[in-house]
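Source file: query_29.tsv; contents: TSV, N, CA and C atoms.
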chain	number	residue	atom	x	y	z
A	12	MET	N	80.18	95.55	14.18
A	12	MET	CA	80.55	94.67	15.28
A	12	MET	C	79.66	94.98	16.48
A	13	ILE	N	79.39	93.91	17.23
A	13	ILE	CA	78.56	94.06	18.43
A	13	ILE	C	79.18	93.21	19.54
A	14	LYS	N	79.21	93.76	20.74
A	14	LYS	CA	79.77	93.04	21.89
A	14	LYS	C	78.62	92.61	22.79
A	15	TYR	N	78.61	91.32	23.12
A	15	TYR	CA	77.60	90.78	24.02
A	15	TYR	C	78.25	90.30	25.30
A	16	THR	N	77.53	90.45	26.40
A	16	THR	CA	77.88	89.80	27.64
A	16	THR	C	77.15	88.47	27.61
A	17	LEU	N	77.88	87.38	27.81
A	17	LEU	CA	77.31	86.04	27.69
A	17	LEU	C	77.47	85.29	29.01
A	18	LYS	N	76.64	84.27	29.18
A	18	LYS	CA	76.69	83.43	30.38
A	18	LYS	C	76.40	82.00	29.95
A	19	CYS	N	77.21	81.06	30.45
A	19	CYS	CA	76.99	79.65	30.11
A	19	CYS	C	76.16	78.97	31.20
A	20	ASP	N	75.83	77.71	30.95
A	20	ASP	CA	75.03	76.96	31.92
A	20	ASP	C	75.79	76.65	33.21
A	21	ASN	N	77.12	76.92	33.22
A	21	ASN	CA	77.92	76.76	34.44
A	21	ASN	C	78.11	78.10	35.15
A	22	GLN	N	77.34	79.11	34.72
A	22	GLN	CA	77.31	80.44	35.33
A	22	GLN	C	78.58	81.26	35.11
A	23	HIS	N	79.41	80.90	34.11
A	23	HIS	CA	80.56	81.72	33.77
A	23	HIS	C	80.09	82.89	32.91
A	24	GLU	N	80.49	84.11	33.27
A	24	GLU	CA	80.14	85.28	32.47
A	24	GLU	C	81.38	85.76	31.74
A	25	PHE	N	81.19	86.16	30.49
A	25	PHE	CA	82.30	86.66	29.67
A	25	PHE	C	81.72	87.51	28.57
A	26	GLU	N	82.58	88.28	27.91
A	26	GLU	CA	82.14	89.12	26.81
A	26	GLU	C	82.77	88.62	25.53
A	27	SER	N	82.08	88.84	24.41
A	27	SER	CA	82.62	88.45	23.12
A	27	SER	C	82.06	89.36	22.03
A	28	TRP	N	82.87	89.60	21.02
A	28	TRP	CA	82.47	90.42	19.88
A	28	TRP	C	81.95	89.54	18.76
A	29	PHE	N	80.94	90.02	18.05
A	29	PHE	CA	80.38	89.31	16.91
A	29	PHE	C	80.20	90.28	15.76
A	30	GLN	N	80.25	89.75	14.55
A	30	GLN	CA	80.10	90.58	13.35
A	30	GLN	C	78.74	91.29	13.35
A	31	SER	N	77.71	90.60	13.86
A	31	SER	CA	76.36	91.17	13.91
A	31	SER	C	75.53	90.33	14.88
A	32	ALA	N	74.31	90.78	15.15
A	32	ALA	CA	73.40	89.99	15.99
A	32	ALA	C	73.08	88.68	15.31
A	33	ASP	N	72.90	88.71	14.00
A	33	ASP	CA	72.63	87.48	13.25
A	33	ASP	C	73.80	86.51	13.33
A	34	ALA	N	75.03	87.05	13.33
A	34	ALA	CA	76.21	86.19	13.41
A	34	ALA	C	76.21	85.42	14.73
A	35	PHE	N	75.86	86.09	15.84
A	35	PHE	CA	75.78	85.38	17.12
A	35	PHE	C	74.74	84.27	17.04
A	36	ASP	N	73.55	84.59	16.51
A	36	ASP	CA	72.48	83.60	16.43
A	36	ASP	C	72.89	82.40	15.58
A	37	THR	N	73.59	82.66	14.48
A	37	THR	CA	74.06	81.57	13.60
A	37	THR	C	75.08	80.70	14.31
A	38	LEU	N	76.05	81.34	14.99
A	38	LEU	CA	77.07	80.57	15.72
A	38	LEU	C	76.44	79.76	16.85
A	39	LYS	N	75.50	80.37	17.56
A	39	LYS	CA	74.84	79.66	18.66
A	39	LYS	C	74.08	78.45	18.13
A	40	ALA	N	73.35	78.63	17.04
A	40	ALA	CA	72.55	77.54	16.47
A	40	ALA	C	73.44	76.39	15.98
A	41	SER	N	74.66	76.70	15.55
A	41	SER	CA	75.56	75.66	15.06
A	41	SER	C	76.43	75.07	16.18
A	42	GLY	N	76.26	75.57	17.41
A	42	GLY	CA	77.05	75.06	18.54
A	42	GLY	C	78.45	75.62	18.60
A	43	MET	N	78.71	76.67	17.82
A	43	MET	CA	80.06	77.23	17.75
A	43	MET	C	80.26	78.40	18.73
A	44	ALA	N	79.21	78.90	19.35
A	44	ALA	CA	79.33	79.93	20.37
A	44	ALA	C	79.50	79.19	21.69
A	45	THR	N	80.72	79.21	22.23
A	45	THR	CA	81.01	78.44	23.42
A	45	THR	C	81.59	79.31	24.52
A	46	CYS	N	81.50	78.83	25.74
A	46	CYS	CA	82.01	79.54	26.91
A	46	CYS	C	83.53	79.69	26.81
A	47	ALA	N	84.01	80.89	27.05
A	47	ALA	CA	85.44	81.16	27.01
A	47	ALA	C	86.17	80.53	28.19
A	48	VAL	N	85.44	80.13	29.23
A	48	VAL	CA	86.06	79.55	30.42
A	48	VAL	C	86.04	78.02	30.38
A	49	CYS	N	84.86	77.43	30.13
A	49	CYS	CA	84.75	75.96	30.23
A	49	CYS	C	84.42	75.27	28.90
A	50	GLY	N	84.10	76.04	27.86
A	50	GLY	CA	83.81	75.45	26.56
A	50	GLY	C	82.39	74.98	26.36
A	51	SER	N	81.51	75.20	27.32
A	51	SER	CA	80.12	74.78	27.18
A	51	SER	C	79.47	75.47	25.99
A	52	ALA	N	78.70	74.73	25.22
A	52	ALA	CA	77.98	75.30	24.07
A	52	ALA	C	76.62	75.84	24.47
A	53	SER	N	76.27	75.73	25.75
A	53	SER	CA	75.00	76.26	26.24
A	53	SER	C	75.24	77.68	26.74
A	54	VAL	N	75.22	78.63	25.80
A	54	VAL	CA	75.55	80.02	26.08
A	54	VAL	C	74.36	80.91	25.73
A	55	GLU	N	74.07	81.86	26.61
A	55	GLU	CA	72.98	82.80	26.39
A	55	GLU	C	73.48	84.23	26.58
A	56	LYS	N	72.84	85.18	25.89
A	56	LYS	CA	73.13	86.59	26.11
A	56	LYS	C	72.54	86.98	27.46
A	57	THR	N	73.20	87.87	28.16
A	57	THR	CA	72.69	88.37	29.43
A	57	THR	C	72.32	89.84	29.27
A	58	LEU	N	71.67	90.37	30.28
A	58	LEU	CA	71.30	91.77	30.28
A	58	LEU	C	72.56	92.61	30.25
A	59	MET	N	72.58	93.60	29.38
A	59	MET	CA	73.77	94.45	29.31
A	59	MET	C	73.34	95.89	29.04
A	60	ALA	N	74.16	96.80	29.49
A	60	ALA	CA	73.87	98.21	29.29
A	60	ALA	C	74.50	98.67	27.99
A	61	PRO	N	73.82	99.53	27.25
A	61	PRO	CA	74.43	100.05	26.03
A	61	PRO	C	75.61	100.96	26.38
A	62	ARG	N	76.54	101.04	25.46
A	62	ARG	CA	77.71	101.86	25.70
A	62	ARG	C	77.81	102.90	24.61
A	63	VAL	N	77.83	104.15	25.01
A	63	VAL	CA	78.00	105.24	24.07
A	63	VAL	C	79.45	105.68	24.17
A	64	THR	N	80.13	105.75	23.03
A	64	THR	CA	81.55	106.08	23.04
A	64	THR	C	81.80	107.45	22.43
A	65	SER	N	82.93	107.99	22.77
A	65	SER	CA	83.37	109.23	22.17
A	65	SER	C	84.78	109.05	21.64
A	66	LYS	N	85.31	110.05	20.97
A	66	LYS	CA	86.66	109.97	20.44
A	66	LYS	C	87.70	109.82	21.54
A	67	ASP	N	87.36	110.24	22.76
A	67	ASP	CA	88.30	110.18	23.87
A	67	ASP	C	88.34	108.83	24.57
A	68	ASP	N	87.43	107.92	24.19
A	68	ASP	CA	87.39	106.61	24.84
A	68	ASP	C	88.64	105.79	24.52
A	69	ALA	N	88.93	104.82	25.37
A	69	ALA	CA	90.06	103.93	25.17
A	69	ALA	C	89.88	103.12	23.89
A	70	ASN	N	90.98	102.68	23.35
A	70	ASN	CA	90.96	101.84	22.15
A	70	ASN	C	90.28	100.52	22.48
A	71	LEU	N	89.27	100.14	21.68
A	71	LEU	CA	88.52	98.91	21.94
A	71	LEU	C	89.38	97.66	21.80
A	72	SER	N	90.49	97.74	21.09
A	72	SER	CA	91.33	96.56	20.92
A	72	SER	C	92.27	96.35	22.11
A	73	THR	N	92.29	97.27	23.06
A	73	THR	CA	93.13	97.13	24.25
A	73	THR	C	92.45	96.17	25.22
A	74	PRO	N	93.15	95.07	25.62
A	74	PRO	CA	92.55	94.13	26.57
A	74	PRO	C	92.16	94.83	27.87
A	75	ALA	N	90.95	94.54	28.35
A	75	ALA	CA	90.41	95.22	29.52
A	75	ALA	C	90.69	94.50	30.83
A	76	ASN	N	91.00	93.20	30.78
A	76	ASN	CA	91.22	92.46	32.02
A	76	ASN	C	92.23	91.34	31.78
A	77	ALA	N	92.53	90.58	32.81
A	77	ALA	CA	93.56	89.54	32.72
A	77	ALA	C	93.21	88.47	31.69
A	78	GLN	N	91.93	88.09	31.61
A	78	GLN	CA	91.52	87.07	30.64
A	78	GLN	C	91.72	87.58	29.21
A	79	GLU	N	91.33	88.81	28.95
A	79	GLU	CA	91.50	89.38	27.62
A	79	GLU	C	92.98	89.54	27.29
A	80	GLN	N	93.80	89.88	28.28
A	80	GLN	CA	95.24	89.99	28.06
A	80	GLN	C	95.84	88.63	27.70
A	81	ALA	N	95.39	87.58	28.39
A	81	ALA	CA	95.88	86.23	28.11
A	81	ALA	C	95.46	85.79	26.71
A	82	LEU	N	94.22	86.08	26.32
A	82	LEU	CA	93.76	85.73	24.98
A	82	LEU	C	94.52	86.51	23.92
A	83	ALA	N	94.79	87.78	24.17
A	83	ALA	CA	95.55	88.60	23.21
A	83	ALA	C	96.96	88.05	23.06
A	84	ALA	N	97.58	87.64	24.17
A	84	ALA	CA	98.93	87.06	24.11
A	84	ALA	C	98.92	85.74	23.35
A	85	MET	N	97.89	84.91	23.60
A	85	MET	CA	97.78	83.64	22.89
A	85	MET	C	97.62	83.87	21.39
A	86	ARG	N	96.75	84.80	21.05
A	86	ARG	CA	96.52	85.11	19.64
A	86	ARG	C	97.80	85.57	18.96
A	87	GLU	N	98.52	86.48	19.62
A	87	GLU	CA	99.77	86.98	19.05
A	87	GLU	C	100.77	85.84	18.86
A	88	HIS	N	100.87	84.95	19.85
A	88	HIS	CA	101.80	83.82	19.75
A	88	HIS	C	101.43	82.90	18.58
A	89	VAL	N	100.16	82.55	18.48
A	89	VAL	CA	99.70	81.65	17.41
A	89	VAL	C	99.95	82.30	16.05
A	90	GLU	N	99.55	83.55	15.90
A	90	GLU	CA	99.66	84.20	14.60
A	90	GLU	C	101.09	84.53	14.21
A	91	THR	N	101.98	84.67	15.19
A	91	THR	CA	103.39	84.95	14.90
A	91	THR	C	104.16	83.67	14.59
A	92	ASN	N	103.78	82.58	15.25
A	92	ASN	CA	104.58	81.35	15.16
A	92	ASN	C	103.94	80.23	14.35
A	93	SER	N	102.85	80.53	13.65
A	93	SER	CA	102.14	79.50	12.88
A	93	SER	C	101.80	80.04	11.50
A	94	GLU	N	101.51	79.13	10.61
A	94	GLU	CA	101.11	79.49	9.25
A	94	GLU	C	99.58	79.41	9.13
A	95	TYR	N	98.98	80.46	8.62
A	95	TYR	CA	97.54	80.47	8.40
A	95	TYR	C	97.26	79.71	7.10
A	96	VAL	N	96.44	78.64	7.19
A	96	VAL	CA	96.13	77.83	6.02
A	96	VAL	C	94.66	77.95	5.61
A	97	GLY	N	93.92	78.83	6.26
A	97	GLY	CA	92.54	79.11	5.89
A	97	GLY	C	91.64	77.90	5.97
A	98	MET	N	90.79	77.76	4.96
A	98	MET	CA	89.81	76.68	4.93
A	98	MET	C	90.44	75.32	4.59
A	99	LYS	N	91.74	75.29	4.36
A	99	LYS	CA	92.44	74.03	4.10
A	99	LYS	C	92.96	73.40	5.39
A	100	PHE	N	92.52	73.93	6.55
A	100	PHE	CA	93.06	73.45	7.82
A	100	PHE	C	92.90	71.95	8.00
A	101	ALA	N	91.69	71.43	7.81
A	101	ALA	CA	91.45	70.00	8.03
A	101	ALA	C	92.32	69.16	7.11
A	102	GLN	N	92.42	69.54	5.87
A	102	GLN	CA	93.24	68.81	4.89
A	102	GLN	C	94.71	68.84	5.29
A	103	GLU	N	95.21	70.02	5.67
A	103	GLU	CA	96.62	70.15	6.05
A	103	GLU	C	96.93	69.38	7.33
A	104	ALA	N	96.04	69.47	8.34
A	104	ALA	CA	96.25	68.76	9.60
A	104	ALA	C	96.28	67.25	9.38
A	105	ARG	N	95.36	66.77	8.58
A	105	ARG	CA	95.31	65.33	8.28
A	105	ARG	C	96.55	64.90	7.50
A	106	SER	N	96.97	65.69	6.53
A	106	SER	CA	98.15	65.37	5.72
A	106	SER	C	99.41	65.28	6.59
A	107	MET	N	99.55	66.20	7.54
A	107	MET	CA	100.70	66.15	8.45
A	107	MET	C	100.60	64.93	9.35
A	108	ASN	N	99.41	64.67	9.88
A	108	ASN	CA	99.21	63.52	10.77
A	108	ASN	C	99.52	62.20	10.07
A	109	ASP	N	99.18	62.12	8.77
A	109	ASP	CA	99.42	60.90	8.00
A	109	ASP	C	100.86	60.80	7.50
A	110	GLY	N	101.67	61.84	7.72
A	110	GLY	CA	103.06	61.82	7.28
A	110	GLY	C	103.25	62.17	5.81
A	111	ASP	N	102.21	62.67	5.17
A	111	ASP	CA	102.30	63.03	3.75
A	111	ASP	C	103.00	64.37	3.53
A	112	THR	N	102.94	65.25	4.52
A	112	THR	CA	103.65	66.53	4.45
A	112	THR	C	104.38	66.74	5.77
A	113	PRO	N	105.48	67.51	5.74
A	113	PRO	CA	106.23	67.76	6.97
A	113	PRO	C	105.38	68.49	8.01
A	114	GLU	N	105.61	68.16	9.27
A	114	GLU	CA	104.87	68.83	10.35
A	114	GLU	C	105.34	70.26	10.48
A	115	ARG	N	104.39	71.14	10.76
A	115	ARG	CA	104.66	72.54	11.02
A	115	ARG	C	103.49	73.09	11.82
A	116	ALA	N	103.69	74.22	12.45
A	116	ALA	CA	102.61	74.85	13.22
A	116	ALA	C	101.68	75.56	12.25
A	117	ILE	N	100.39	75.19	12.29
A	117	ILE	CA	99.40	75.81	11.42
A	117	ILE	C	98.17	76.22	12.23
A	118	TYR	N	97.42	77.15	11.66
A	118	TYR	CA	96.10	77.47	12.18
A	118	TYR	C	95.23	77.84	11.00
A	119	GLY	N	93.93	77.71	11.17
A	119	GLY	CA	93.02	78.00	10.07
A	119	GLY	C	91.59	77.77	10.50
A	120	GLU	N	90.78	77.38	9.54
A	120	GLU	CA	89.36	77.23	9.79
A	120	GLU	C	88.87	75.86	9.31
A	121	ALA	N	87.94	75.32	10.07
A	121	ALA	CA	87.31	74.04	9.71
A	121	ALA	C	85.86	74.11	10.16
A	122	ASN	N	85.00	73.46	9.41
A	122	ASN	CA	83.61	73.44	9.86
A	122	ASN	C	83.47	72.38	10.96
A	123	ARG	N	82.34	72.36	11.59
A	123	ARG	CA	82.12	71.47	12.74
A	123	ARG	C	82.34	70.00	12.38
A	124	GLU	N	81.84	69.59	11.22
A	124	GLU	CA	81.98	68.18	10.81
A	124	GLU	C	83.45	67.82	10.58
A	125	GLU	N	84.20	68.72	9.92
A	125	GLU	CA	85.62	68.46	9.69
A	125	GLU	C	86.38	68.35	11.01
A	126	ALA	N	86.11	69.27	11.93
A	126	ALA	CA	86.78	69.26	13.22
A	126	ALA	C	86.46	67.99	14.00
A	127	LYS	N	85.19	67.61	14.00
A	127	LYS	CA	84.77	66.39	14.71
A	127	LYS	C	85.47	65.16	14.13
A	128	LYS	N	85.55	65.07	12.81
A	128	LYS	CA	86.20	63.93	12.15
A	128	LYS	C	87.69	63.89	12.49
A	129	LEU	N	88.36	65.04	12.51
A	129	LEU	CA	89.79	65.08	12.87
A	129	LEU	C	89.98	64.52	14.29
A	130	ILE	N	89.15	64.98	15.22
A	130	ILE	CA	89.27	64.53	16.61
A	130	ILE	C	88.98	63.04	16.72
A	131	GLU	N	87.91	62.57	16.05
A	131	GLU	CA	87.57	61.15	16.07
A	131	GLU	C	88.70	60.28	15.51
A	132	ASP	N	89.43	60.81	14.53
A	132	ASP	CA	90.52	60.07	13.90
A	132	ASP	C	91.85	60.22	14.63
A	133	GLY	N	91.84	60.93	15.77
A	133	GLY	CA	93.05	61.07	16.58
A	133	GLY	C	94.05	62.10	16.06
A	134	VAL	N	93.61	62.98	15.18
A	134	VAL	CA	94.49	64.04	14.70
A	134	VAL	C	94.55	65.11	15.79
A	135	PRO	N	95.76	65.46	16.26
A	135	PRO	CA	95.86	66.43	17.37
A	135	PRO	C	95.54	67.85	16.93
A	136	VAL	N	94.34	68.31	17.27
A	136	VAL	CA	93.89	69.66	16.96
A	136	VAL	C	93.21	70.24	18.19
A	137	VAL	N	93.12	71.55	18.24
A	137	VAL	CA	92.43	72.22	19.34
A	137	VAL	C	91.76	73.48	18.79
A	138	PRO	N	90.52	73.75	19.21
A	138	PRO	CA	89.87	74.98	18.74
A	138	PRO	C	90.51	76.21	19.38
A	139	LEU	N	90.60	77.27	18.62
A	139	LEU	CA	91.14	78.52	19.14
A	139	LEU	C	90.01	79.34	19.76
A	140	PRO	N	90.29	80.01	20.87
A	140	PRO	CA	89.25	80.81	21.52
A	140	PRO	C	89.14	82.22	20.93
A	141	PHE	N	89.50	82.38	19.67
A	141	PHE	CA	89.40	83.67	18.99
A	141	PHE	C	89.26	83.42	17.49
A	142	VAL	N	88.76	84.42	16.80
A	142	VAL	CA	88.68	84.35	15.35
A	142	VAL	C	90.02	84.82	14.82
A	143	PRO	N	90.69	83.99	14.01
A	143	PRO	CA	92.02	84.37	13.55
A	143	PRO	C	92.01	85.51	12.54
A	144	ASN	N	93.10	86.29	12.58
A	144	ASN	CA	93.35	87.25	11.50
A	144	ASN	C	93.79	86.41	10.33
A	145	LYS	N	93.20	86.62	9.19
A	145	LYS	CA	93.47	85.78	8.04
A	145	LYS	C	94.73	86.22	7.33
A	146	GLY	N	95.70	85.29	7.29
A	146	GLY	CA	96.90	85.53	6.51
A	146	GLY	C	97.80	86.61	7.06
A	147	THR	N	98.04	86.63	8.37
A	147	THR	CA	98.91	87.65	8.94
A	147	THR	C	100.38	87.33	8.75
A	148	ASN	N	100.70	86.15	8.31
A	148	ASN	CA	102.10	85.79	8.12
A	148	ASN	C	102.59	86.19	6.76
Rendering of file as structure tokens:
Amino acid sequence: MIKYTLKCDNQHEFESWFQSADAFDTLKASGMATCAVCGSASVEKTLMAPRVTSKDDANLSTPANAQEQALAAMREHVETNSEYVGMKFAQEARSMNDGDTPERAIYGEANREEAKKLIEDGVPVVPLPFVPNKGTN
């Protein structure tokens, strides 16, 4: 895992974790690396200092500021009160919207084309500002 300090074209600065440097580049190229504040897809890495840690350092999963605390609370709420449907998200969301299956709170994954088509078709969906834990329910 690697943490980058990022800045969007609206000058919002934020930090985000990525699986690797290549993962950031892939997400950026696909337009999936977006500003945590305004959603802009024009995001760049900024100058950052390396961090050397020791066993005595704070737990990295502990939210460091109010924004991270809010995201952690949102994540906990979504993952506690929704069903993870994985890569079947677009299919499940569309099926509920069409009345083919009962409505329920779900979260999962969709590629950019699937998400765009859902929005164009008026299916009520919203991107999550975090990578979900898979199958926590």
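In this model, the gap between atom N of Asp33 (chain A) and atom N of Met12 (chain A) comes to 10.0 Å.
Of the residues in region 16-88 of chain A, those given strand (DSSP E) by DSSP on the backbone are Thr16, Leu17, Lys18, Cys19, Glu24, Phe25, Glu26, Ser27, Trp28, Phe29, Val54, Glu55 and Lys56 of chain A.
Nearest residue to Val134 (chain A), choosing from A:Gly110, A:Arg105, A:Glu120, A:Ser53 and counting only C-alpha atoms: A:Arg105.
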Would you write out, as CSV, a table of all residues in region 19-63 of chain A that have an atom no more than 12 Å from an atom of region 81-96 of chain A, listing for each the closest atom pair and the distance in Å to one decimal, considering only C-alpha atoms and ordering rows by chain and rising residue number?
residue,atom,partner,partner_atom,distance
A:Ser27,CA,A:Leu82,CA,11.6
A:Ala47,CA,A:Leu82,CA,9.7
A:Val48,CA,A:Leu82,CA,11.3
Practice task
Give me, please, the distance in Å between CA of Phe29 (chain A) and CA of Cys46 (chain A), quoted to one decimal.
Solution key: 14.1 Å
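If you look at atom N of Pro135 (chain A) and atom C of Leu38 (chain A), they are 24.0 Å away from each other.
Between Ala32 (chain A) and the candidates A:Gly50, A:Ile13, A:Gly119, A:Ala44, the tightest atom-to-atom separation, counting only C-alpha atoms, involves A:Ile13.
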Exercise for the section: Could you give me, as a PyMOL selection string, each residue of chain A that DSSP assigns to helix (DSSP H, G or I) when run on this structure's backbone? Expected result: chain A and resi 32-40+77-92+97-108+123-131
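Candidate residues A:Ala77, A:Leu129, A:Met98, A:Leu58 were compared for distance to Lys145 (chain A), and the nearest is A:Met98, using only C-alpha atoms.
The closest residue to Ser51 (chain A), picked from A:Asn21, A:Gln30, A:Gln78, A:Thr37 and counting only N, CA and C atoms, is A:Asn21.
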